[in-house]
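Peer 1: Provided herewith: query.txt, compact mmCIF, C-alpha atoms and all ligand atoms.
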```txt
# COMPACT_ATOMS: atom_id res chain seq x y z
CA MET W 1 0.00 0.00 0.00
CA ASN W 2 1.23 3.53 -0.67
CA TYR W 3 1.02 6.11 2.09
CA THR W 4 0.64 9.82 1.50
CA ASP W 5 3.43 12.35 2.11
CA ARG W 6 0.95 14.10 4.38
CA VAL W 7 0.81 11.26 6.85
CA THR W 8 4.39 10.00 6.57
CA ARG W 9 5.80 13.43 7.37
CA VAL W 10 4.59 13.24 11.00
CA GLU W 11 5.33 11.00 13.98
CA PRO W 12 2.71 9.54 16.36
CA SER W 13 1.86 11.77 19.36
CA ALA W 14 4.87 11.57 21.71
CA THR W 15 2.71 12.12 24.79
CA LEU W 16 0.42 9.24 23.95
CA ALA W 17 3.36 7.06 22.83
CA VAL W 18 5.29 7.41 26.13
CA SER W 19 2.13 6.85 28.10
CA SER W 20 1.35 3.60 26.29
CA LEU W 21 4.96 2.46 26.79
CA ALA W 22 4.57 3.16 30.52
CA SER W 23 1.29 1.20 30.57
CA ARG W 24 3.00 -1.73 28.83
CA LEU W 25 5.75 -1.78 31.46
CA GLU W 26 3.10 -1.64 34.18
CA ALA W 27 1.27 -4.56 32.58
CA ASP W 28 4.56 -6.49 32.87
CA GLY W 29 4.51 -5.83 36.61
CA VAL W 30 6.90 -2.84 36.72
CA ASP W 31 5.87 -0.10 39.17
CA VAL W 32 6.09 3.00 36.98
CA VAL W 33 5.48 6.55 38.22
CA ASP W 34 3.75 7.87 35.14
CA LEU W 35 4.24 11.61 34.74
CA SER W 36 3.87 11.45 30.98
CA VAL W 37 0.35 12.03 29.78
CA GLY W 38 -1.50 15.24 30.60
CA GLU W 39 -4.60 13.87 32.20
CA PRO W 40 -6.14 14.82 35.56
CA ASP W 41 -5.94 11.88 37.98
CA PHE W 42 -9.39 12.82 39.29
CA ASP W 43 -12.65 11.18 38.39
CA THR W 44 -15.24 13.16 36.40
CA PRO W 45 -17.40 15.01 38.98
CA ASP W 46 -20.59 13.14 39.94
CA HIS W 47 -23.06 15.75 38.66
CA ILE W 48 -21.52 15.48 35.20
CA LYS W 49 -21.57 11.68 35.17
CA GLU W 50 -25.17 11.73 36.33
CA ALA W 51 -26.14 14.12 33.53
CA GLY W 52 -24.49 11.78 31.03
CA ARG W 53 -26.32 8.76 32.45
CA ASP W 54 -29.65 10.64 32.52
CA ALA W 55 -29.18 11.67 28.91
CA ILE W 56 -28.66 8.05 27.87
CA THR W 57 -31.71 6.97 29.88
CA ARG W 58 -33.80 9.70 28.22
CA GLY W 59 -32.74 8.35 24.86
CA GLU W 60 -30.36 11.15 23.82
CA THR W 61 -28.57 8.59 21.70
CA SER W 62 -29.24 9.64 18.12
CA TYR W 63 -27.32 12.03 15.86
CA ALA W 64 -26.86 15.54 17.16
CA PRO W 65 -26.76 18.61 14.87
CA SER W 66 -23.24 18.63 13.45
CA THR W 67 -22.32 21.95 15.09
CA GLY W 68 -23.58 20.81 18.50
CA ILE W 69 -26.84 20.72 20.46
CA PRO W 70 -28.31 24.24 20.68
CA SER W 71 -28.38 24.35 24.49
CA LEU W 72 -24.66 23.54 24.75
CA ARG W 73 -23.66 26.02 22.04
CA ALA W 74 -25.62 28.70 23.88
CA ALA W 75 -24.08 27.80 27.25
CA ILE W 76 -20.57 27.88 25.76
CA ALA W 77 -21.22 31.28 24.16
CA GLU W 78 -22.50 32.58 27.49
CA ASP W 79 -19.42 31.25 29.27
CA LEU W 80 -17.11 32.88 26.73
CA GLN W 81 -18.93 36.18 27.11
CA THR W 82 -17.71 36.26 30.73
CA ASP W 83 -14.18 36.43 29.25
CA GLY W 84 -15.18 39.49 27.22
CA LEU W 85 -15.63 37.55 23.97
CA ALA W 86 -18.64 38.69 21.96
CA TYR W 87 -19.67 35.22 20.80
CA GLU W 88 -23.21 33.95 20.26
CA SER W 89 -24.32 30.35 19.65
CA GLU W 90 -23.65 30.61 15.92
CA ASN W 91 -19.99 31.43 16.66
CA VAL W 92 -19.51 28.11 18.46
CA MET W 93 -18.71 24.67 17.05
CA VAL W 94 -18.87 21.74 19.48
CA THR W 95 -16.32 19.03 18.64
CA PRO W 96 -15.30 15.62 19.95
CA GLY W 97 -12.35 17.03 21.93
CA ALA W 98 -10.30 20.20 21.59
CA LYS W 99 -7.84 18.22 19.48
CA GLN W 100 -10.47 17.76 16.78
CA ALA W 101 -11.34 21.47 17.08
CA LEU W 102 -7.71 22.41 16.43
CA PHE W 103 -7.45 19.94 13.56
CA GLU W 104 -10.51 21.36 11.83
CA VAL W 105 -9.41 24.97 12.28
CA VAL W 106 -5.88 24.30 11.03
CA HIS W 107 -7.25 22.55 7.96
CA THR W 108 -9.69 25.37 7.32
CA VAL W 109 -7.16 28.21 7.38
CA VAL W 110 -3.85 26.63 6.32
CA GLU W 111 -3.10 26.00 2.64
CA ASP W 112 -0.23 23.85 1.33
CA GLY W 113 2.97 25.93 1.68
CA ASP W 114 1.48 28.47 4.13
CA GLU W 115 3.58 29.62 7.05
CA VAL W 116 2.48 28.68 10.57
CA VAL W 117 4.26 30.16 13.60
CA LEU W 118 4.59 28.29 16.89
CA LEU W 119 5.86 29.55 20.24
CA ASP W 120 8.16 26.84 21.59
CA PRO W 121 7.86 24.88 23.70
CA SER W 122 4.50 24.12 22.14
CA TRP W 123 2.12 21.22 22.51
CA VAL W 124 3.11 18.26 20.33
CA SER W 125 0.08 18.16 18.10
CA TYR W 126 0.28 21.74 16.79
CA ALA W 127 3.33 21.03 14.67
CA ALA W 128 1.91 17.70 13.50
CA MET W 129 -1.43 19.20 12.51
CA ALA W 130 0.26 22.04 10.65
CA LYS W 131 2.54 19.61 8.82
CA ILE W 132 -0.38 17.39 7.81
CA ALA W 133 -1.97 20.52 6.35
CA GLY W 134 1.24 21.12 4.36
CA ALA W 135 2.44 24.16 6.33
CA GLU W 136 5.96 25.50 6.61
CA LEU W 137 6.75 25.93 10.31
CA THR W 138 8.52 28.88 11.90
CA ARG W 139 9.30 28.39 15.58
CA VAL W 140 10.06 31.08 18.14
CA ASP W 141 11.99 29.88 21.20
CA LEU W 142 10.79 30.87 24.68
CA SER W 143 13.01 28.47 26.61
CA GLU W 144 15.66 31.15 27.35
CA THR W 145 13.15 33.55 28.92
CA ASP W 146 11.65 31.33 31.64
CA PHE W 147 9.08 30.36 28.98
CA GLN W 148 7.63 33.88 29.01
CA LEU W 149 6.46 35.46 25.77
CA GLU W 150 6.87 39.16 26.58
CA PRO W 151 10.70 39.19 26.36
CA VAL W 152 10.64 37.58 22.89
CA LEU W 153 8.02 39.78 21.24
CA ASP W 154 10.76 41.30 19.07
CA GLU W 155 11.81 37.85 17.90
CA LEU W 156 8.17 37.03 17.23
CA GLY W 157 7.86 40.23 15.18
CA GLY W 158 10.95 39.18 13.23
CA ALA W 159 9.46 35.74 12.60
CA LEU W 160 6.17 37.05 11.21
CA SER W 161 5.70 38.29 7.70
CA LYS W 162 2.92 39.01 5.24
CA ASP W 163 3.19 35.33 4.26
CA THR W 164 2.34 34.13 7.77
CA GLU W 165 -1.09 32.59 7.84
CA LEU W 166 -1.47 31.37 11.39
CA LEU W 167 0.01 31.82 14.86
CA ILE W 168 -0.90 29.41 17.67
CA VAL W 169 -0.87 30.76 21.23
CA ASN W 170 -1.48 28.55 24.26
CA SER W 171 -1.74 30.14 27.70
CA PRO W 172 -1.71 28.63 30.31
CA ASN W 173 0.83 26.61 28.42
CA ASN W 174 1.38 22.94 27.82
CA PRO W 175 4.23 21.96 28.39
CA SER W 176 5.79 24.83 30.41
CA GLY W 177 2.86 25.87 32.63
CA ALA W 178 3.64 29.52 31.75
CA VAL W 179 0.81 32.03 31.75
CA TYR W 180 1.50 34.90 29.37
CA SER W 181 1.26 38.46 30.68
CA LYS W 182 -1.27 41.01 29.47
CA ALA W 183 1.58 42.96 27.85
CA ALA W 184 2.63 39.81 25.98
CA LEU W 185 -0.88 39.21 24.67
CA GLU W 186 -1.21 42.86 23.67
CA GLY W 187 2.09 42.52 21.85
CA VAL W 188 0.68 39.51 19.99
CA ARG W 189 -2.40 41.55 19.13
CA ASP W 190 -0.32 44.40 17.70
CA LEU W 191 1.68 42.00 15.55
CA ALA W 192 -1.34 39.98 14.44
CA VAL W 193 -3.09 43.14 13.30
CA GLU W 194 0.05 44.51 11.61
CA TYR W 195 0.65 41.32 9.63
CA ASP W 196 -3.03 40.46 9.24
CA ILE W 197 -2.79 36.92 10.53
CA THR W 198 -5.20 34.45 12.09
CA VAL W 199 -4.47 33.42 15.67
CA ILE W 200 -5.62 30.28 17.43
CA SER W 201 -5.84 30.89 21.15
CA ASP W 202 -5.86 27.48 22.82
CA GLU W 203 -7.29 28.15 26.27
CA ILE W 204 -7.87 24.56 27.38
CA TYR W 205 -6.06 25.26 30.70
CA ARG W 206 -7.98 28.50 31.32
CA ASP W 207 -9.50 27.25 34.56
CA ILE W 208 -6.31 25.67 35.88
CA ARG W 209 -4.46 28.77 37.06
CA TYR W 210 -2.68 29.44 40.35
CA SER W 211 -2.67 33.23 40.28
CA GLY W 212 -3.98 36.14 38.28
CA ASP W 213 -6.93 36.62 35.98
CA HIS W 214 -7.35 34.92 32.66
CA ILE W 215 -7.07 37.13 29.60
CA SER W 216 -8.66 35.76 26.47
CA LEU W 217 -6.73 36.89 23.40
CA GLY W 218 -9.89 37.32 21.32
CA SER W 219 -11.23 39.86 23.80
CA LEU W 220 -8.46 42.38 23.01
CA PRO W 221 -9.48 45.18 20.63
CA GLY W 222 -8.84 44.23 17.02
CA MET W 223 -8.70 40.49 17.72
CA ALA W 224 -12.31 39.29 17.48
CA GLU W 225 -12.31 38.90 13.71
CA ARG W 226 -8.94 37.13 13.54
CA THR W 227 -9.02 34.90 16.64
CA VAL W 228 -10.26 31.37 17.05
CA THR W 229 -10.73 30.46 20.71
CA VAL W 230 -10.29 26.76 21.45
CA ASN W 231 -11.27 25.09 24.69
CA GLY W 232 -12.68 21.84 25.99
CA PHE W 233 -13.91 19.85 28.93
CA SER W 234 -11.04 17.36 29.29
CA LYS W 235 -8.85 19.16 31.76
CA ALA W 236 -10.89 21.44 34.03
CA ASN W 237 -13.67 18.88 34.34
CA ALA W 238 -11.56 15.71 34.30
CA MET W 239 -13.41 14.52 31.18
CA THR W 240 -10.54 13.36 28.94
CA GLY W 241 -12.28 10.16 27.87
CA TRP W 242 -15.62 11.79 27.07
CA ARG W 243 -14.07 13.64 24.12
CA LEU W 244 -15.72 17.03 24.22
CA GLY W 245 -14.31 20.37 23.14
CA TYR W 246 -15.13 23.35 20.98
CA PHE W 247 -13.88 26.30 19.03
CA ALA W 248 -15.42 29.72 18.67
CA GLY W 249 -14.79 32.34 16.03
CA PRO W 250 -16.34 34.29 13.17
CA THR W 251 -19.46 32.63 11.68
CA GLY W 252 -17.73 32.23 8.30
CA LEU W 253 -15.11 30.02 9.95
CA ILE W 254 -17.80 27.93 11.64
CA GLU W 255 -19.46 27.41 8.24
CA GLN W 256 -16.24 26.43 6.47
CA ALA W 257 -14.80 24.26 9.26
CA GLY W 258 -18.27 22.82 9.73
CA LYS W 259 -17.84 21.07 6.39
CA ILE W 260 -14.84 19.16 7.74
CA GLN W 261 -16.77 18.18 10.86
CA SER W 262 -19.89 17.15 8.93
CA HIS W 263 -17.86 15.03 6.50
CA SER W 264 -15.71 13.39 9.15
CA VAL W 265 -16.88 12.87 12.73
CA SER W 266 -20.42 14.28 12.15
CA SER W 267 -20.65 15.64 15.70
CA ALA W 268 -19.63 15.09 19.30
CA ALA W 269 -21.64 12.27 20.94
CA THR W 270 -25.13 13.50 21.84
CA PHE W 271 -25.31 12.35 25.47
CA VAL W 272 -21.76 13.60 26.06
CA GLN W 273 -22.89 17.06 25.02
CA HIS W 274 -25.61 16.90 27.69
CA ALA W 275 -22.95 16.02 30.25
CA GLY W 276 -20.95 19.02 29.03
CA LEU W 277 -23.96 21.23 29.63
CA ALA W 278 -24.04 20.01 33.24
CA ALA W 279 -20.34 20.81 33.55
CA LEU W 280 -20.98 24.41 32.49
CA ASP W 281 -24.15 24.87 34.53
CA GLY W 282 -23.07 22.96 37.62
CA PRO W 283 -20.93 23.74 40.68
CA THR W 284 -17.35 24.92 40.18
CA ALA W 285 -16.16 23.47 43.51
CA PRO W 286 -14.88 20.18 41.96
CA THR W 287 -12.62 22.13 39.58
CA GLN W 288 -11.43 24.37 42.40
CA ARG W 289 -10.53 21.31 44.49
CA MET W 290 -8.50 19.91 41.61
CA VAL W 291 -6.69 23.21 41.10
CA GLU W 292 -5.81 23.39 44.81
CA ALA W 293 -4.44 19.86 44.67
CA PHE W 294 -2.42 20.62 41.52
CA GLU W 295 -0.94 23.71 43.16
CA GLU W 296 0.24 21.70 46.19
CA ARG W 297 1.77 19.12 43.91
CA ARG W 298 3.48 21.78 41.81
CA ASP W 299 5.08 23.18 44.97
CA LEU W 300 6.09 19.75 46.14
CA LEU W 301 7.91 19.08 42.86
CA LEU W 302 9.52 22.53 42.74
CA ASP W 303 10.83 22.05 46.31
CA GLY W 304 11.98 18.52 45.53
CA PHE W 305 13.99 19.65 42.51
CA GLU W 306 15.31 22.70 44.32
CA ALA W 307 16.77 20.38 46.96
CA HIS W 308 18.82 18.93 44.08
CA GLY W 309 19.92 22.41 43.03
CA ILE W 310 17.52 22.59 40.08
CA ASP W 311 15.52 25.81 39.74
CA ILE W 312 12.43 25.68 37.58
CA PRO W 313 10.47 28.85 36.74
CA THR W 314 7.24 28.58 38.75
CA PRO W 315 4.44 27.42 36.44
CA ASN W 316 1.34 29.56 36.99
CA GLY W 317 -1.12 27.30 35.25
CA ALA W 318 -1.88 23.89 33.70
CA PHE W 319 -0.26 20.87 35.43
CA TYR W 320 3.05 20.58 33.66
CA MET W 321 6.60 21.69 34.20
CA MET W 322 9.77 21.50 32.16
CA LEU W 323 12.68 19.88 33.97
CA PRO W 324 16.09 20.80 32.52
CA VAL W 325 17.84 17.51 31.73
CA ALA W 326 20.67 16.39 29.44
CA ALA W 327 21.12 17.87 25.97
CA ASP W 328 19.96 14.50 24.65
CA ASP W 329 16.58 14.61 26.34
CA GLU W 330 15.24 11.61 24.44
CA THR W 331 17.95 9.34 25.84
CA TRP W 332 17.47 10.87 29.31
CA CYS W 333 13.72 10.12 29.20
CA THR W 334 14.23 6.57 27.91
CA ASN W 335 16.80 5.88 30.65
CA ALA W 336 14.66 7.52 33.34
CA LEU W 337 11.81 5.23 32.35
CA GLU W 338 13.88 2.06 32.07
CA GLU W 339 16.18 2.61 35.07
CA ALA W 340 14.23 4.81 37.52
CA HIS W 341 10.76 3.77 36.25
CA VAL W 342 9.64 7.38 35.96
CA ALA W 343 7.82 8.24 32.71
CA THR W 344 8.27 11.74 31.27
CA VAL W 345 8.05 13.16 27.76
CA PRO W 346 11.17 14.47 25.94
CA GLY W 347 11.15 18.25 25.52
CA SER W 348 12.16 17.82 21.87
CA ALA W 349 8.63 16.63 21.15
CA PHE W 350 7.56 20.16 22.11
CA GLY W 351 10.36 21.92 20.23
CA ALA W 352 12.44 22.28 23.44
CA PRO W 353 15.37 19.85 23.48
CA GLY W 354 17.25 19.58 26.79
CA TYR W 355 14.09 19.31 28.89
CA ALA W 356 11.71 16.62 30.05
CA ARG W 357 8.05 17.47 30.47
CA LEU W 358 6.47 16.33 33.71
CA SER W 359 2.75 16.17 34.21
CA TYR W 360 2.05 16.53 37.92
CA ALA W 361 -1.48 15.19 37.68
CA ALA W 362 -0.45 12.37 40.01
CA ASP W 363 -0.84 12.08 43.78
CA SER W 364 1.71 13.64 46.11
CA GLU W 365 3.15 10.35 47.31
CA ARG W 366 3.92 9.30 43.73
CA LEU W 367 5.46 12.69 42.97
CA ARG W 368 7.76 12.43 46.01
CA ASP W 369 8.62 8.94 44.87
CA ALA W 370 9.43 10.24 41.37
CA VAL W 371 11.89 12.85 42.70
CA ASN W 372 13.51 10.26 44.99
CA ARG W 373 13.80 7.68 42.24
CA LEU W 374 15.31 10.18 39.81
CA GLY W 375 17.63 11.53 42.50
CA ASP W 376 18.75 8.09 43.74
CA ALA W 377 19.47 6.89 40.21
CA GLY W 378 21.61 9.98 39.49
CA PHE W 379 19.24 11.59 36.98
CA LEU W 380 19.20 14.92 38.83
CA ASP W 381 22.97 15.36 39.18
N1 LIG P 1 -4.63 21.63 23.58
C1 LIG P 1 -3.69 21.38 24.52
C2 LIG P 1 -2.68 22.44 24.82
C3 LIG P 1 -3.66 20.17 25.20
O1 LIG P 1 -2.73 19.96 26.14
C4 LIG P 1 -4.61 19.18 24.88
C5 LIG P 1 -4.47 17.89 25.62
N2 LIG P 1 -5.07 16.85 25.31
C6 LIG P 1 -5.56 19.48 23.89
C7 LIG P 1 -5.53 20.70 23.26
C8 LIG P 1 -6.61 18.51 23.44
O2 LIG P 1 -7.49 18.16 24.46
P1 LIG P 1 -8.76 17.26 24.20
O3 LIG P 1 -8.72 16.77 22.82
O4 LIG P 1 -8.68 16.17 25.22
O5 LIG P 1 -9.94 18.15 24.44
N1 LIG P 2 -2.67 16.98 26.01
C1 LIG P 2 -2.24 15.90 26.84
C2 LIG P 2 -0.73 15.87 26.87
O1 LIG P 2 -0.12 16.74 26.35
C3 LIG P 2 -2.89 14.60 26.45
C4 LIG P 2 -2.22 13.78 25.39
C5 LIG P 2 -2.46 14.28 24.02
O2 LIG P 2 -3.61 14.52 23.68
O3 LIG P 2 -1.47 14.42 23.31
O4 LIG P 2 -0.16 14.99 27.46
```
Would you write out, as C-alpha cells, the structure that this file holds?

Peer 2:
Amino acid sequence: MNYTDRVTRVEPSATLAVSSLASRLEADGVDVVDLSVGEPDFDTPDHIKEAGRDAITRGETSYAPSTGIPSLRAAIAEDLQTDGLAYESENVMVTPGAKQALFEVVHTVVEDGDEVVLLDPSWVSYAAMAKIAGAELTRVDLSETDFQLEPVLDELGGALSKDTELLIVNSPNNPSGAVYSKAALEGVRDLAVEYDITVISDEIYRDIRYSGDHISLGSLPGMAERTVTVNGFSKANAMTGWRLGYFAGPTGLIEQAGKIQSHSVSSAATFVQHAGLAALDGPTAPTQRMVEAFEERRDLLLDGFEAHGIDIPTPNGAFYMMLPVAADDETWCTNALEEAHVATVPGSAFGAPGYARLSYAADSERLRDAVNRLGDAGFLD
C-alpha cells in the first residue's frame, strides 16, 4: 500500500506514545510513576456523570446537529462572554475534543505551503497538525526567557511576515505551565493586526491557574475577527475520555470548518454534550478542588527539585513543568523510564530539546517517589 506524504511526514503523538509504553511496562509488573500524559488523575465530577447517564436513559442517543446541540452552544457562548468575547451560539462549534477542534481549524485556514508560527515549547500536536496541512513551520523559542512570551516579542515580530497565515498561542501553556502576561498578549495583538494573521488561542487550561486573571486573546481590541478560541472539557472537568471540546470564532469560519466536521466525525456524541452542559451549569467546587491539589503538587515538585539544586520557573497554570535535563533529552527520558521507572516526555517533542516534560497530575506520594527515584538513580545530578 502507498502512504501519503501528508501522513508519513509526522510521527505519532509523543505524549500518547510514552504513556502507552509506561502502561505496557506496568502490565509487565513494573511499578512506573507515570508523569507522561497530561490527564487529571481525578474522576469526572458526579453531577456530570449523572447528567451523562440521565441523557442516555432519556434516549439522547441519536445524531446531534453537526455543530452541537443548541443548548450547549448557547451555554458555551455565554461562558465565553464572561471572558469578554462577543460570541453567540452561531460562533460556536462543538467538537469531539479540543484536538479535533484544532485539527478542523488548522485545515480550514492553512493552505499547502502556508507559514504557521509556533511559540516553543509548544504542545506536540500543533506542529503535526500544521505539517499534515502542508504548512511550513517557523518556531520562536521561549526556553531562554523562563518560557515567558513578553521578552521575545521582538523575535516574534521578526518571525512574522505578510506570508504568515497562522500563529498558535497557548496560555496557560502545555508543556511549560507559563501564563503569558497582558503585555505579551497585547504585543501579539499588535503583531497579528500589523501582519493580518489568524491566531488560534488554545485556552484549554484557562481554569487551571494558580494566580492572576485569565485574559482571552480574542477579547483584546482588534482580535475578534482574527481569533479562534479553542477550549474543551477534558482538563478542568476531568473529562478526557468523554471527548468534548469546541472552538469559537467568526461565523464564516464555523461554516467552512463545519464542512470538515460534517464530512468526518459528524458531531460530538449527543449524550456527552448533555454532560458538558451540566459541567458548564453545575458547581465549580470540583474544579477548584483539583486546582488546589495541583498547586500543592506543583510546589512539592519545585521544592523537591530545588533540593537537588535545580531551579524551575514557577508554572502559573496547567499541570506541567519542564525539567532541565541532558542535551539529549530523548535518551534521558528513555533511561529515566527504564532505570528509575519514571515516565516523562522528551522536551524535543515540544520543540524544546534539553528538557523533560512532567505532568504533575499524580498524587503527592507518587510525585515524592518520582523525585527520589530520579535523585537516587543519578538523573538529577
Ligand atoms: N490543547 C492542549 C494544549 C492540550 O494539552 C490538549 C491535551 N489533550 C488538547 C488541546 C486537546 O485536548 P482534548 O482533545 O482532550 O480536548
Ligand atoms: N494533552 C495531553 C498531553 O499533552 C494529552 C495527550 C495528548 O492529547 O497528546 O499529554

Peer 1: I'd like the contact shell of Glu136 in chain W - 7 Å cut-off, only C-alpha atoms, skipping same-chain residues fewer than 4 positions apart - returned as a PyMOL selection string.

Peer 2: chain W and resi 113-116

Peer 1: Please provide the set of residues having any atom within 8 Å of range 236-245 of chain W, restricted to all atoms listed in the file, with same-chain residues fewer than 2 positions apart removed, written as a compact mmCIF listing (two decimals) with C-alpha atoms, keeping the file's coordinate frame.

Peer 2:
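File produced: result-v1.txt:
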```
# COMPACT_ATOMS: atom_id res chain seq x y z
CA GLU W 39 -4.60 13.87 32.20
CA PRO W 40 -6.14 14.82 35.56
CA ASP W 41 -5.94 11.88 37.98
CA PHE W 42 -9.39 12.82 39.29
CA ASP W 43 -12.65 11.18 38.39
CA THR W 44 -15.24 13.16 36.40
CA PRO W 45 -17.40 15.01 38.98
CA VAL W 94 -18.87 21.74 19.48
CA THR W 95 -16.32 19.03 18.64
CA PRO W 96 -15.30 15.62 19.95
CA GLY W 97 -12.35 17.03 21.93
CA ALA W 98 -10.30 20.20 21.59
CA LYS W 99 -7.84 18.22 19.48
CA GLN W 100 -10.47 17.76 16.78
CA ALA W 101 -11.34 21.47 17.08
CA ILE W 204 -7.87 24.56 27.38
CA TYR W 205 -6.06 25.26 30.70
CA ASP W 207 -9.50 27.25 34.56
CA ILE W 208 -6.31 25.67 35.88
CA VAL W 230 -10.29 26.76 21.45
CA ASN W 231 -11.27 25.09 24.69
CA GLY W 232 -12.68 21.84 25.99
CA PHE W 233 -13.91 19.85 28.93
CA SER W 234 -11.04 17.36 29.29
CA PHE W 247 -13.88 26.30 19.03
CA ALA W 268 -19.63 15.09 19.30
CA VAL W 272 -21.76 13.60 26.06
CA GLN W 273 -22.89 17.06 25.02
CA GLY W 276 -20.95 19.02 29.03
CA ALA W 279 -20.34 20.81 33.55
CA PRO W 286 -14.88 20.18 41.96
CA THR W 287 -12.62 22.13 39.58
```

Peer 1: Please provide the set of residues having any atom within 7 Å of range 173-177 of chain W, restricted to only C-alpha atoms, with same-chain residues fewer than 6 positions apart removed, written as a list in words.

Peer 2: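 Contacts, in chain order: Pro121, Ser122, Trp123, Phe147, Pro315, Asn316, Gly317, Ala318, Phe319, Tyr320, Met321, Met322 and Arg357 of chain W.
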
Peer 1: May I ask for the distance between CA of Gly258 in chain W and CA of Val105 in chain W, given in Å to one decimal place?

Peer 2: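 Going from CA of Gly258 in chain W over to CA of Val105 in chain W, I get 9.5 Å.
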
Peer 1: Give me the residues within 12 Å of Glu155 in chain W as a list in words, counting all atoms listed in the file and dropping any in the same chain fewer than 2 places off.

Peer 2: Val117, Leu119, Thr138, Arg139, Val140, Asp141, Leu142, Thr145, Leu149, Glu150, Pro151, Val152, Leu153, Gly157, Gly158, Ala159, Leu160, Ser161, Gly187, Val188 and Leu191 of chain W

Peer 1: Output the selection as a short mmCIF file (atom, residue, chain, number, x, y, z; two decimals), in the coordinates of the input - C-alpha atoms for each residue.

Peer 2:
```cif
data_model
loop_
_atom_site.label_atom_id
_atom_site.label_comp_id
_atom_site.auth_asym_id
_atom_site.auth_seq_id
_atom_site.Cartn_x
_atom_site.Cartn_y
_atom_site.Cartn_z
CA VAL W 117 4.26 30.16 13.60
CA LEU W 119 5.86 29.55 20.24
CA THR W 138 8.52 28.88 11.90
CA ARG W 139 9.30 28.39 15.58
CA VAL W 140 10.06 31.08 18.14
CA ASP W 141 11.99 29.88 21.20
CA LEU W 142 10.79 30.87 24.68
CA THR W 145 13.15 33.55 28.92
CA LEU W 149 6.46 35.46 25.77
CA GLU W 150 6.87 39.16 26.58
CA PRO W 151 10.70 39.19 26.36
CA VAL W 152 10.64 37.58 22.89
CA LEU W 153 8.02 39.78 21.24
CA GLY W 157 7.86 40.23 15.18
CA GLY W 158 10.95 39.18 13.23
CA ALA W 159 9.46 35.74 12.60
CA LEU W 160 6.17 37.05 11.21
CA SER W 161 5.70 38.29 7.70
CA GLY W 187 2.09 42.52 21.85
CA VAL W 188 0.68 39.51 19.99
CA LEU W 191 1.68 42.00 15.55
#
```
